[in-house]
Structure formats: structure tokens, C-alpha cells
Amino acid sequence: MTTQNRLIILGLLSTTIVMICLTCFAVNKIKKDLDIGYKNFGQIISKTLAIESVEITKDIPELSKYDTLRSHSLSILGSNDDIAYIEFKDSNSRTIYSSEEDYSKRADKAKIVVSSPMILKHGTNSTTVGSVLVGLSGTIINDITDTTTTSLIMVFALTWGLIVLVMLAHTILTTKELKLLQDGVKKISSGTFGIKVESQGMSKEVKQLFDAFNDMSSRLHQYEEQNIGQLTLEKNKLEAILACIANGVVVCDNYDNVILVNDHAQKLLDVTPNEILKTKIQQYCDTNGEMCFKERIEQFKDTPLDVMEQRPLAFNIEVNKRVIKSIMSPMFTVNREYVGYIIVLIDVTKEIEMDNLRSHFISNVSHELRTPVTVLRSYIDTLYNYGNDFDFNTQKEFIGVMNQEIIRLNRMVNDILDFSRYESQNVKLEKTRQDIMPVIEDVVDEMKVLAAEHNLTFSVMKEPDLPDIPFNKDSIRRVVANIVSNAIKYSPDGKRIKIRAERARVGDYVEVSVEDQGQGIAEEYQQKIFDRFFRVENDTHTIKGTGLGLHLVKISVEKHHQGQVFVHSKLGEGSTFGFRLPINPPENNEENADEMPVSTNKIEQIAAQNNGNDGWEISFEKY
Ligand code: ADP
């Protein structure tokens with residue numbers, strides 16, 4: 001039962017009680033008035049009876065009075081039900097006649113007794129000869145009271161019945177309307193905006209309520225549509241921004257569920273959206289099967305949010321042999337409510353490789369510089385202090401060693417200088433069209449002594465009628481020197497180094513290649529050896545070097561001469577390093593040649609074609 005109904009019933013009950021009290025009061029009042037009237041009526045009857053009795057008995061003998069009064073009484077009692085009994089008494093209050101004798105039962109019903117004196121008049125004098133007592137049954141009063149009470153009860157019953165009916169009808173109607181409203185509110189709360197509630201024969205107030213509800217619902221619908229449009233726009237913008245970001249972005253809610261992950265993050269973490277979305281980020285396993293985020297997230301949660309906001313948590317994870325820097329920072333709403341965190345993923349594999357290479361480079365360079373300087377210092381010291389003790393040949397030998405060390409030092413310093421010079425965007429080398437053979441012969445001459453130390457032999461082969469090509473002599477000389485000195489450095493003693501200059505089989509190029517029978521290079525390193533500071537790990541500590549030589553070769557050939565470098569090598573069998581320079585390079589094209597790939601495949605084909613020199617006219621010169 002609703003509160004409203006309870007209140008109505010309570011009101012009705014109290015009204016009824018008040019009305020019952022009022023009615024009882026009214027009925028009582030009526031009864032009292034009736035009693036008074038009834039008594040007056042009895043008084044009149046007794047008076048009339050007294051007068052009549054005096055009249056009919058005054059002239060009759062004493063003995064006949066009884067009969068006369070009796071017959072008169074009986075005639076009155078017979079015609080009037082309301083008179084219960086009549087009694088006549090003489091002046092000494094002795095009963096002359098009482099109707100009880102004849103109607104004893106009727107006499108019991110007497111409720112009101114009235115009496116009047118019987119007065120006999122003699123001229124102006126009067127004498128009391130007796131009295132008349134009349135007993136009234138009060139039937140009329142009872143009838144009237146009963147009728148009044150019954151009528152009142154009926155009126156009440158009728159009124160109550162009507163009220164209950166009206167209340168029931170009202171409740172049913174109101175409940176139906178309320179139900180309609182309730183359904184509407186439920187739908188709105190579940191997000192179905194724009195619904196309308198309607199009903200027939202509503203009261204004015206309910207209609208106003210329905211109208212207000214419908215108005216609210218349609219406004220909500222409009223607002224929702226606007227909002228959805230706005231939200232979709234914002235979402236699209238956000239997704240577009242996230243997609244454009246070069247770094248991976250993973251967004252997690254307050255409960256560590258991944259709610260957003262951009263394409264780049266999917267690639268870095270090697271997952272599909274289905275695999276990661278709505279899962280806990282702690283459960284993500286890297287390629288080693290480790291839950292790489294778990295501990296870090298615990299650390300993140302143990303740190304106050306404002307500290308994390310100031311200094312986001314950064315750590316590295318490893319996925320598919322790539323090092324990924326992860327930066328975690330908390331996310332807040334505009335009201336500073338914490339809603340989760342965002343992880344930015346950056347692929348730092350290259351940077352870390354570069355860092356390692358750089359530190360190797362620094363240790364290599366310092367080692368490389370220290371060795372010749374120490375050798376020079378000790379030789380100079382010996383010559384300065386004990387020079388006179390040595391014969392001419394020993395002194396010459398000392399100076400020869402010093403000269404070699406100075407040449408090495410010079411080459412290395414030049415490499416470092418060239419590296420910074422050639423790396424610069426603005427450097428443009430002056431080129432002259434010329435024959436490449438004098439450059440190769442120069443280098444071979446210079447390296448002869450070094451090669452002889454290791455019992456290595458050179459063979460230089462040149463294709464006849466090789467065209468002149470435009471190049472910078474110093475730069476290409478250093479390229480050839482680098483490749484040849486590597487061939488010497490990485491060949492075991494007593495082997496042969498073949499240098500060939502020929503027209504390239506593919507394209508309009510002159511090709512120079514240096515083939516050795518050295519240790520060769522594993523395939524996995526062949527693409528990397530042209531990178532700056534790169535050295536094959538095994539050789540780093542045994543054979544001296546900086547990892548700059550081949551990088552300079554690549555920059556010099558590709559960037560400054562629009563040529564190509566190549567390598568063809570087999571571990572344990574030897575390597576062929578070389579380059580191709582265009583016979584007619586396009587004008588002003590130096591800047592565009594920055595990141596040219598090392599064309600190993602192509603050179604493999606060419607090397608295969610050139611094997612055995614079938615059909616070639618070559619001049620052969622041995623050193
Ligand atoms: P480095 O100063 O170390 O020689 P380079 O850039 O000239 O630097 O060469 C890079 C790496 O390539 C070397 O460390 C070496 O491992 C490898 N390499 C170069 N030339 C040869 C070769 N002819 N035979 C075998 N390995 C070579």
C-alpha cells in the first residue's frame with residue numbers, strides 16, 4: 001500500500017470517528033428533546049385523564065367508581081399502545097383501580113410515569129379527590145431513535161462505500177499512470193532516451209507530469225545525439241592522433257585493464273588488439289615468456305601518484321630481441337580524479353646498439369691511440385738516451401718501426417677526421433674525371449710493406465679500356481686504402497689479395513673489388529659492417545680497429561659519389577669488398593644518396609659472372 005493511500009485511509013478514519021461522535025451527540029440530543037416532549041405528552045394525557053375521571057365519577061356512588069374507571073382505562077389502553085398502564089388513587093393514595101390487574105405484562109413496559117391530581121371544583125372552591133398515574137412505554141421514542149440511528153448508519157455505510165470505491169478507482173488509475181511513468185524512467189535510466197509516455201483520460205496534474213517527463217526525455221535524446229556526435233568526433237581525433245604517434249601507446253584503466261592500444265604498440269608488443277584489449281596488462285608476457293610489466297606496475301602503485309606524475313616510471317623490456325623503453329605515467333580527469341595510467345613504448349634498440357658501439361669505439365680508439373703513442377715514446381726514449389750505443393742499421397730499424405706507427409696513427413686520425421667531415425651534410429667533394437688505376441696502384445704501393453710483413457701477395461687485374469670516371473681522388477684513395485688494409489688485417493699470413501678494376505656488368509659503372517682469402521664474415525653481420533662503429537664482436541679485442549673504416553667507405557661512395565658498395569663473404573673462406581662508381585653520375589645528386597642500401601645480392605650475381613674471367617681481355621700484374 002502506498003503512503004498516499006495510507007494517508008487517505010487515516011484521514012477517512014479520523015473523519016469517520018469525528019462524524020460518529022457528532023452523530024452520537026446529535027442522536028443523544030434528539031433523544032433528550034424527545035424525552036422531554038414525551039414527558040409533556042404524558043403530562044397532558046394524565047391531566048386529561050384526571051379531568052375526565054373526576055367528571056365521570058363525581059355523581060356516581062362510591063362502589064360503582066371502580067367499574068367506571070376500569071372501563072374508561074381499558075378503552076384508553078385499547079386505543080393507545082404508548083400508554084403502558086393507568087392507575088387511579090384516592091385522596092388517601094389508596095389504589096382505586098390499576099390496569100396492571102388486566103394488563104400486567106403491558107404494565108412492565110412502563111418507562112416514564114407521570115401523575116396528575118384529580119380535582120373536583122365546587123364553584124370557586126376545589127378539592128383533590130385523588131390522582132391519576134399514567135405509565136408510558138416510550139415505544140415512539142425508541143422507534144424514532146432506532147430509525148434515526150439506522151438512517152445514520154446507512155448514510156455512513158453508503159458514504160464509506162462510495163469513498164472506498166472512489167479511492168479504489170483513483171488508486172487503479174493512478175497506479176496505471178505511475179506504472180507508465182515508472183517504465184519510462186526505467187528506460188531512461190538504462191540509456192533509452194527519447195521515449196514518450198501517454199495515457200487516456202488523465203487528470204490535469206498527471207497530464208502536466210507526463211508532459212514534463214516527455215519534454216525531459218526528448219531533451220535528453222537531443223543532448224545524447226549531440227553528445228554522441230561530439231564524442232565520436234573526439235574519439236576519431238584521439239584515434240587519429242594515437243595512430244600518428246610514432247611511439248606505442250597503451251592505456252589502462254584503474255583496474256589494470258588495457259582499454260586502448262595503438263597500432264605501433266601492437267607491433268612493438270607483437271600482439272593483436274584481441275589478445276591484449278580488456279586483459280590485465282600484468283598478464284602480458286614478452287617473447288621470453290616473462291610477465292615484464294608485473295613488477296613495474298606494483299612499483300608504480302606503491303609510489304604516490306603525484307611523484308609518478310612528476311617523474312614517470314621508465315624501464316626497458318625486451319620483445320623479439322628489440323629493446324623497448326616503457327614510460328608509465330598516471331592519468332587524471334579534469335577534476336584530478338585518478339582514472340588509470342598510460343604506457344608509452346619507444347623502440348630504443350638502435351639507440352642502445354649505438355650506445356654500445358660508441359662505448360666500444362671510445363675504448364677502441366683510446367686503445368688504438370695509446371698503443372702507437374706508447375711504442376713511439378719508448379723508441380724515441382731509447383734512441384734519445386742510448387742512440388749512440390746502437391749501430392746505424394738498428395737505428396734505421398727503430399726509425400722504420402716509428403714510421404709505421406706514425407702511419408697507423410695518421411691513418412686513424414684521418415679516419416676520425418674524415419668521419420666527422422663526410423658525415424656533415426654541407427661537404428661537397430670536388431671531382432675530376434680520371435682513370436682509377438693510378439689510385440689503386442698508389443694504395444697497393446703504400447700497403448706493400450705491410451703486406452710483405454704478413455707474407456701476403458697482391459694481384460691487380462684491370463679490364464682494358466676502362467673509361468675515366470669523375471671522382472675525388474683523396475676520398476676514393478682512402479676508400480681503396482680502407483678496403484685493402486682490411487683485407488690485409490683480416491687475412492692470415494701467406495694468402496693472396498686480388499684487386500680488380502672493371503666495368504660493372506649491371507649499370508653504367510666502373511667497379512673495384514678486393515678479394516681476400518681471410519676469415520670471412522658471418523651472414524648476419526654483412527649488412528651491419530658498414531654501420532658506424534660496428535665491429536664483428538669476435539675480432540674487437542684481437543684485431544685492432546675503430547669500426548669507422550667501412551662506414552667512411554659507404555659515405556664516401558654512396559653519399560658523395562652516388563655509387564654503390566658491396567660485400568660478398570663466406571665465413572672461413574674469404575671476403576670480397578668493393579664499390580661501383582657511376583661513369584656518368586647525375587648532376588647535383590650528392591644529398592639524395594644518403595641511405596643507399598648495400599647491394600650484396602647484386603654483387604653475388606656479378607661475382608659469379610666474373611669468376612674465371614671468361615671472355616675477358618685483362619692485363620695482369622703481380623706485386
Ligand atoms: P675496423 O677498424 O674494425 O677494421 P671497419 O669499419 O673497417 O672497422 O670494419 C668493420 C668490421 O668489418 C671489422 O671490425 C671486421 O670485423 C669486418 N671486416 C672488414 N673487412 C673485413 C675483411 N676483409 N675480412 C673480414 N672481416 C672484415
# chains A, B, ... in the order shown; residues from 1 in each chain; ligands from 1
call {"tool": "residues_near_ligand", "arguments": {"ligand": "ligand 1", "cutoff": "6 Å", "atoms": "only C-alpha atoms and all ligand atoms", "output": "PDB file with N, CA and C atoms, in the first residue's frame"}}
result
ATOM      1  N   ASN A 486      91.940  -3.535 -44.745  1.00  0.00           N
ATOM      2  CA  ASN A 486      91.101  -4.539 -44.071  1.00  0.00           C
ATOM      3  C   ASN A 486      91.443  -5.933 -44.582  1.00  0.00           C
ATOM      4  N   ALA A 487      91.631  -6.035 -45.904  1.00  0.00           N
ATOM      5  CA  ALA A 487      91.948  -7.343 -46.492  1.00  0.00           C
ATOM      6  C   ALA A 487      93.260  -7.869 -45.899  1.00  0.00           C
ATOM      7  N   TYR A 490      92.583  -8.726 -42.025  1.00  0.00           N
ATOM      8  CA  TYR A 490      91.747  -9.883 -41.713  1.00  0.00           C
ATOM      9  C   TYR A 490      92.116 -11.142 -42.527  1.00  0.00           C
ATOM     10  N   GLY A 518      90.632 -14.401 -46.399  1.00  0.00           N
ATOM     11  CA  GLY A 518      90.681 -14.264 -44.938  1.00  0.00           C
ATOM     12  C   GLY A 518      89.581 -15.029 -44.214  1.00  0.00           C
ATOM     13  N   GLN A 519      89.270 -14.504 -43.015  1.00  0.00           N
ATOM     14  CA  GLN A 519      88.349 -15.232 -42.132  1.00  0.00           C
ATOM     15  C   GLN A 519      86.899 -15.165 -42.555  1.00  0.00           C
ATOM     16  N   GLY A 520      86.611 -14.190 -43.440  1.00  0.00           N
ATOM     17  CA  GLY A 520      85.212 -14.055 -43.880  1.00  0.00           C
ATOM     18  C   GLY A 520      84.324 -13.461 -42.787  1.00  0.00           C
ATOM     19  N   ILE A 521      83.104 -13.157 -43.184  1.00  0.00           N
ATOM     20  CA  ILE A 521      82.174 -12.506 -42.239  1.00  0.00           C
ATOM     21  C   ILE A 521      80.863 -13.290 -42.219  1.00  0.00           C
ATOM     22  N   ILE A 529      78.174  -4.283 -41.115  1.00  0.00           N
ATOM     23  CA  ILE A 529      79.577  -3.860 -41.030  1.00  0.00           C
ATOM     24  C   ILE A 529      79.818  -2.480 -41.641  1.00  0.00           C
ATOM     25  N   PHE A 534      80.656  -0.120 -36.070  1.00  0.00           N
ATOM     26  CA  PHE A 534      80.367  -1.555 -35.953  1.00  0.00           C
ATOM     27  C   PHE A 534      81.626  -2.380 -36.190  1.00  0.00           C
ATOM     28  N   ARG A 535      81.826  -3.338 -35.293  1.00  0.00           N
ATOM     29  CA  ARG A 535      82.936  -4.290 -35.442  1.00  0.00           C
ATOM     30  C   ARG A 535      82.379  -5.657 -35.120  1.00  0.00           C
ATOM     31  N   VAL A 536      82.839  -6.656 -35.845  1.00  0.00           N
ATOM     32  CA  VAL A 536      82.360  -8.004 -35.541  1.00  0.00           C
ATOM     33  C   VAL A 536      82.922  -8.381 -34.178  1.00  0.00           C
ATOM     34  N   ASP A 539      86.237 -10.132 -33.226  1.00  0.00           N
ATOM     35  CA  ASP A 539      87.502  -9.528 -33.631  1.00  0.00           C
ATOM     36  C   ASP A 539      87.876  -8.308 -32.806  1.00  0.00           C
ATOM     37  N   GLY A 545      91.152  -1.858 -34.435  1.00  0.00           N
ATOM     38  CA  GLY A 545      90.317  -1.101 -35.373  1.00  0.00           C
ATOM     39  C   GLY A 545      89.325  -0.242 -34.621  1.00  0.00           C
ATOM     40  N   THR A 546      88.641   0.646 -35.367  1.00  0.00           N
ATOM     41  CA  THR A 546      87.697   1.559 -34.731  1.00  0.00           C
ATOM     42  C   THR A 546      86.255   1.318 -35.170  1.00  0.00           C
ATOM     43  N   GLY A 547      86.077   0.555 -36.238  1.00  0.00           N
ATOM     44  CA  GLY A 547      84.723   0.342 -36.765  1.00  0.00           C
ATOM     45  C   GLY A 547      84.257   1.515 -37.602  1.00  0.00           C
ATOM     46  N   LEU A 548      85.186   2.371 -38.012  1.00  0.00           N
ATOM     47  CA  LEU A 548      84.808   3.545 -38.806  1.00  0.00           C
ATOM     48  C   LEU A 548      85.115   3.383 -40.289  1.00  0.00           C
ATOM     49  N   GLY A 549      86.134   2.530 -40.591  1.00  0.00           N
ATOM     50  CA  GLY A 549      86.649   2.433 -41.965  1.00  0.00           C
ATOM     51  C   GLY A 549      85.562   2.172 -42.990  1.00  0.00           C
ATOM     52  N   LEU A 550      84.785   1.100 -42.831  1.00  0.00           N
ATOM     53  CA  LEU A 550      83.781   0.748 -43.843  1.00  0.00           C
ATOM     54  C   LEU A 550      82.639   1.766 -43.887  1.00  0.00           C
ATOM     55  N   HIS A 551      82.360   2.380 -42.746  1.00  0.00           N
ATOM     56  CA  HIS A 551      81.315   3.408 -42.745  1.00  0.00           C
ATOM     57  C   HIS A 551      81.743   4.578 -43.621  1.00  0.00           C
ATOM     58  N   SER A 575      86.504 -12.857 -48.200  1.00  0.00           N
ATOM     59  CA  SER A 575      85.506 -11.819 -48.495  1.00  0.00           C
ATOM     60  C   SER A 575      85.893 -11.060 -49.749  1.00  0.00           C
TER      61      SER A 575
END
call {"tool": "residues_around", "arguments": {"residues": "Leu581 of chain A", "least_positions_apart": "3", "cutoff": "7 Å", "atoms": "only C-alpha atoms", "output": "number ranges by chain"}}
result
A: 509-511, 561, 563-564
call {"tool": "write_last_selection", "arguments": {"atoms": "all heavy atoms", "output": "compact mmCIF listing (two decimals), in the first residue's frame"}}
result
# COMPACT_ATOMS: atom_id res chain seq x y z
N TYR A 509 78.69 1.61 -64.64
CA TYR A 509 79.61 1.82 -63.51
C TYR A 509 80.99 1.24 -63.81
O TYR A 509 81.12 0.30 -64.59
CB TYR A 509 79.11 1.11 -62.26
CG TYR A 509 77.82 1.68 -61.69
CD1 TYR A 509 76.59 1.11 -62.02
CD2 TYR A 509 77.85 2.74 -60.79
CE1 TYR A 509 75.42 1.62 -61.48
CE2 TYR A 509 76.68 3.23 -60.24
CZ TYR A 509 75.47 2.67 -60.58
OH TYR A 509 74.33 3.16 -60.05
N VAL A 510 81.97 1.80 -63.08
CA VAL A 510 83.27 1.13 -63.02
C VAL A 510 83.33 0.51 -61.63
O VAL A 510 82.97 1.15 -60.64
CB VAL A 510 84.42 2.15 -63.21
CG1 VAL A 510 85.76 1.55 -62.78
CG2 VAL A 510 84.49 2.58 -64.67
N GLU A 511 83.74 -0.73 -61.61
CA GLU A 511 83.68 -1.47 -60.35
C GLU A 511 85.07 -1.85 -59.88
O GLU A 511 85.89 -2.30 -60.67
CB GLU A 511 82.84 -2.73 -60.58
CG GLU A 511 82.58 -3.52 -59.33
CD GLU A 511 81.71 -4.73 -59.65
OE1 GLU A 511 80.56 -4.55 -60.10
OE2 GLU A 511 82.21 -5.85 -59.49
N HIS A 561 79.54 10.10 -54.07
CA HIS A 561 79.81 9.74 -55.47
C HIS A 561 78.64 9.04 -56.14
O HIS A 561 78.75 8.59 -57.29
CB HIS A 561 81.07 8.85 -55.57
CG HIS A 561 82.34 9.59 -55.29
ND1 HIS A 561 82.86 9.69 -54.03
CD2 HIS A 561 83.19 10.28 -56.10
CE1 HIS A 561 83.97 10.40 -54.07
NE2 HIS A 561 84.21 10.78 -55.34
N GLY A 563 77.58 6.24 -55.82
CA GLY A 563 77.95 4.88 -56.22
C GLY A 563 77.31 3.84 -55.30
O GLY A 563 76.36 4.13 -54.59
N GLN A 564 77.85 2.63 -55.37
CA GLN A 564 77.33 1.55 -54.54
C GLN A 564 78.48 0.80 -53.90
O GLN A 564 79.53 0.64 -54.52
CB GLN A 564 76.53 0.56 -55.40
CG GLN A 564 75.31 1.17 -56.04
CD GLN A 564 74.75 0.30 -57.15
OE1 GLN A 564 75.31 -0.74 -57.48
NE2 GLN A 564 73.67 0.76 -57.74
call {"tool": "select_by_dssp", "arguments": {"residues": "segment 155-295 of chain A", "states": "strand (DSSP E or B)", "output": "number ranges by chain"}}
result
A: 248-253, 257-261, 280
call {"tool": "write_last_selection", "arguments": {"atoms": "C-alpha atoms", "output": "short mmCIF file (atom, residue, chain, number, x, y, z; two decimals), in the first residue's frame"}}
result
data_model
loop_
_atom_site.label_atom_id
_atom_site.label_comp_id
_atom_site.auth_asym_id
_atom_site.auth_seq_id
_atom_site.Cartn_x
_atom_site.Cartn_y
_atom_site.Cartn_z
CA GLY A 248 53.47 2.83 -28.96
CA VAL A 249 50.73 3.87 -26.56
CA VAL A 250 48.91 1.54 -24.16
CA VAL A 251 46.16 2.97 -21.94
CA CYS A 252 44.99 1.04 -18.86
CA ASP A 253 42.10 1.79 -16.55
CA ASN A 257 42.62 -3.48 -17.91
CA VAL A 258 44.01 -2.45 -21.28
CA ILE A 259 41.42 -0.10 -22.78
CA LEU A 260 43.37 1.33 -25.67
CA VAL A 261 46.39 0.25 -27.67
CA LYS A 280 45.21 -7.17 -17.42
#
call {"tool": "closest_residue", "arguments": {"among": "A:Asp81, A:Glu587, A:Asp493, A:Glu405", "to": "Leu369 of chain A", "atoms": "only C-alpha atoms"}}
result
A:Glu405
call {"tool": "closest_atom_pairs", "arguments": {"of": "segment 461-523 of chain A", "to": "segment 426-438 of chain A", "cutoff": "10 Å", "atoms": "only C-alpha atoms", "output": "Markdown table"}}
result
| residue | atom | partner | partner_atom | distance |
| --- | --- | --- | --- | --- |
| A:Met461 | CA | A:Met437 | CA | 9.8 |
| A:Lys462 | CA | A:Met437 | CA | 7.9 |
| A:Leu466 | CA | A:Asp435 | CA | 7.8 |
| A:Pro467 | CA | A:Asp435 | CA | 7.0 |
| A:Asp468 | CA | A:Asp435 | CA | 4.6 |
| A:Ile469 | CA | A:Arg433 | CA | 4.8 |
| A:Pro470 | CA | A:Arg433 | CA | 3.7 |
| A:Phe471 | CA | A:Lys431 | CA | 4.4 |
| A:Asn472 | CA | A:Lys431 | CA | 4.4 |
| A:Lys473 | CA | A:Lys431 | CA | 7.4 |
| A:Asp474 | CA | A:Leu429 | CA | 9.5 |
| A:Ser475 | CA | A:Leu429 | CA | 8.3 |
| A:Ile476 | CA | A:Ile436 | CA | 8.7 |
| A:Arg477 | CA | A:Ile436 | CA | 9.2 |
| A:Arg500 | CA | A:Met437 | CA | 9.7 |
| A:Ala501 | CA | A:Met437 | CA | 7.5 |
| A:Val510 | CA | A:Ile436 | CA | 8.8 |
| A:Glu511 | CA | A:Ile436 | CA | 9.8 |
| A:Val512 | CA | A:Ile436 | CA | 8.9 |
call {"tool": "write_last_selection", "arguments": {"atoms": "all heavy atoms", "output": "compact mmCIF listing (two decimals), in the first residue's frame"}}
result
# COMPACT_ATOMS: atom_id res chain seq x y z
N MET A 461 94.10 -6.73 -61.24
CA MET A 461 93.61 -7.03 -62.59
C MET A 461 92.80 -5.84 -63.07
O MET A 461 91.98 -5.31 -62.32
CB MET A 461 92.72 -8.27 -62.57
CG MET A 461 93.49 -9.52 -62.21
SD MET A 461 92.46 -10.96 -62.42
CE MET A 461 91.59 -10.98 -60.91
N LYS A 462 93.05 -5.48 -64.33
CA LYS A 462 92.35 -4.32 -64.86
C LYS A 462 91.75 -4.68 -66.21
O LYS A 462 92.42 -5.25 -67.07
CB LYS A 462 93.34 -3.16 -65.00
CG LYS A 462 92.71 -1.91 -65.54
CD LYS A 462 93.72 -1.04 -66.26
CE LYS A 462 92.98 0.03 -67.02
NZ LYS A 462 93.73 0.52 -68.14
N LEU A 466 89.25 0.74 -69.71
CA LEU A 466 88.34 1.16 -68.64
C LEU A 466 88.09 2.67 -68.76
O LEU A 466 89.04 3.44 -68.88
CB LEU A 466 89.00 0.84 -67.28
CG LEU A 466 88.09 0.60 -66.10
CD1 LEU A 466 87.12 -0.57 -66.36
CD2 LEU A 466 88.92 0.31 -64.86
N PRO A 467 86.85 3.10 -68.80
CA PRO A 467 86.62 4.54 -69.00
C PRO A 467 87.02 5.37 -67.77
O PRO A 467 87.02 4.86 -66.65
CB PRO A 467 85.11 4.62 -69.24
CG PRO A 467 84.55 3.42 -68.60
CD PRO A 467 85.60 2.35 -68.65
N ASP A 468 87.33 6.63 -68.04
CA ASP A 468 87.58 7.55 -66.91
C ASP A 468 86.26 7.82 -66.20
O ASP A 468 85.19 7.81 -66.82
CB ASP A 468 88.14 8.88 -67.43
CG ASP A 468 89.60 8.70 -67.89
OD1 ASP A 468 90.14 7.60 -67.65
OD2 ASP A 468 90.13 9.65 -68.48
N ILE A 469 86.36 8.08 -64.92
CA ILE A 469 85.12 8.38 -64.15
C ILE A 469 85.38 9.60 -63.27
O ILE A 469 86.52 9.84 -62.85
CB ILE A 469 84.67 7.19 -63.26
CG1 ILE A 469 85.90 6.49 -62.63
CG2 ILE A 469 83.82 6.19 -64.02
CD1 ILE A 469 85.55 5.51 -61.56
N PRO A 470 84.30 10.34 -62.98
CA PRO A 470 84.51 11.51 -62.11
C PRO A 470 84.56 11.08 -60.64
O PRO A 470 83.65 10.42 -60.16
CB PRO A 470 83.28 12.39 -62.38
CG PRO A 470 82.25 11.48 -62.91
CD PRO A 470 82.90 10.25 -63.45
N PHE A 471 85.64 11.45 -59.95
CA PHE A 471 85.70 11.16 -58.51
C PHE A 471 86.71 12.07 -57.83
O PHE A 471 87.54 12.69 -58.48
CB PHE A 471 86.03 9.68 -58.25
CG PHE A 471 87.37 9.22 -58.73
CD1 PHE A 471 88.48 9.29 -57.88
CD2 PHE A 471 87.55 8.69 -60.03
CE1 PHE A 471 89.73 8.85 -58.33
CE2 PHE A 471 88.79 8.26 -60.45
CZ PHE A 471 89.89 8.33 -59.61
N ASN A 472 86.57 12.11 -56.50
CA ASN A 472 87.52 12.89 -55.71
C ASN A 472 88.66 11.96 -55.34
O ASN A 472 88.45 10.95 -54.67
CB ASN A 472 86.81 13.43 -54.45
CG ASN A 472 87.75 14.20 -53.56
OD1 ASN A 472 88.60 13.63 -52.89
ND2 ASN A 472 87.59 15.52 -53.57
N LYS A 473 89.85 12.35 -55.77
CA LYS A 473 90.97 11.43 -55.68
C LYS A 473 91.28 11.03 -54.23
O LYS A 473 91.41 9.84 -53.91
CB LYS A 473 92.21 12.07 -56.33
CG LYS A 473 93.28 11.08 -56.64
CD LYS A 473 94.36 11.73 -57.47
CE LYS A 473 95.46 10.71 -57.73
NZ LYS A 473 96.53 11.30 -58.51
N ASP A 474 91.33 12.02 -53.33
CA ASP A 474 91.67 11.74 -51.93
C ASP A 474 90.66 10.80 -51.30
O ASP A 474 91.01 9.85 -50.60
CB ASP A 474 91.69 13.04 -51.12
CG ASP A 474 92.99 13.78 -51.36
OD1 ASP A 474 93.90 13.17 -51.97
OD2 ASP A 474 93.08 14.95 -50.93
N SER A 475 89.40 11.13 -51.58
CA SER A 475 88.33 10.36 -50.96
C SER A 475 88.36 8.91 -51.43
O SER A 475 88.30 7.97 -50.62
CB SER A 475 86.99 11.03 -51.30
OG SER A 475 85.95 10.23 -50.86
N ILE A 476 88.49 8.70 -52.76
CA ILE A 476 88.46 7.33 -53.30
C ILE A 476 89.74 6.59 -52.93
O ILE A 476 89.74 5.39 -52.68
CB ILE A 476 88.19 7.35 -54.82
CG1 ILE A 476 86.77 7.87 -55.07
CG2 ILE A 476 88.39 5.97 -55.46
CD1 ILE A 476 85.64 7.08 -54.40
N ARG A 477 90.84 7.36 -52.79
CA ARG A 477 92.10 6.74 -52.37
C ARG A 477 91.91 6.14 -50.97
O ARG A 477 92.31 5.02 -50.69
CB ARG A 477 93.20 7.81 -52.35
CG ARG A 477 94.58 7.23 -52.31
CD ARG A 477 95.64 8.33 -52.23
NE ARG A 477 96.93 7.70 -52.03
CZ ARG A 477 97.34 7.18 -50.89
NH1 ARG A 477 96.54 7.24 -49.84
NH2 ARG A 477 98.52 6.60 -50.79
N ARG A 500 90.55 -5.97 -58.40
CA ARG A 500 90.09 -5.94 -59.80
C ARG A 500 89.42 -4.61 -60.08
O ARG A 500 88.65 -4.11 -59.26
CB ARG A 500 89.06 -7.05 -60.05
CG ARG A 500 89.61 -8.44 -59.90
CD ARG A 500 88.49 -9.37 -59.51
NE ARG A 500 87.61 -9.65 -60.62
CZ ARG A 500 87.55 -10.82 -61.24
NH1 ARG A 500 88.34 -11.80 -60.85
NH2 ARG A 500 86.72 -11.01 -62.22
N ALA A 501 89.73 -4.08 -61.24
CA ALA A 501 89.03 -2.88 -61.70
C ALA A 501 88.41 -3.23 -63.04
O ALA A 501 89.10 -3.67 -63.95
CB ALA A 501 90.01 -1.73 -61.83
N VAL A 510 81.97 1.80 -63.08
CA VAL A 510 83.27 1.13 -63.02
C VAL A 510 83.33 0.51 -61.63
O VAL A 510 82.97 1.15 -60.64
CB VAL A 510 84.42 2.15 -63.21
CG1 VAL A 510 85.76 1.55 -62.78
CG2 VAL A 510 84.49 2.58 -64.67
N GLU A 511 83.74 -0.73 -61.61
CA GLU A 511 83.68 -1.47 -60.35
C GLU A 511 85.07 -1.85 -59.88
O GLU A 511 85.89 -2.30 -60.67
CB GLU A 511 82.84 -2.73 -60.58
CG GLU A 511 82.58 -3.52 -59.33
CD GLU A 511 81.71 -4.73 -59.65
OE1 GLU A 511 80.56 -4.55 -60.10
OE2 GLU A 511 82.21 -5.85 -59.49
N VAL A 512 85.32 -1.61 -58.57
CA VAL A 512 86.61 -2.01 -58.00
C VAL A 512 86.30 -3.00 -56.89
O VAL A 512 85.44 -2.74 -56.05
CB VAL A 512 87.36 -0.79 -57.42
CG1 VAL A 512 88.66 -1.22 -56.75
CG2 VAL A 512 87.64 0.23 -58.51
call {"tool": "atom_distance", "arguments": {"atom1": "atom CA of Asn482 of chain A", "atom2": "atom CA of Val365 of chain A"}}
result
16.3 Å
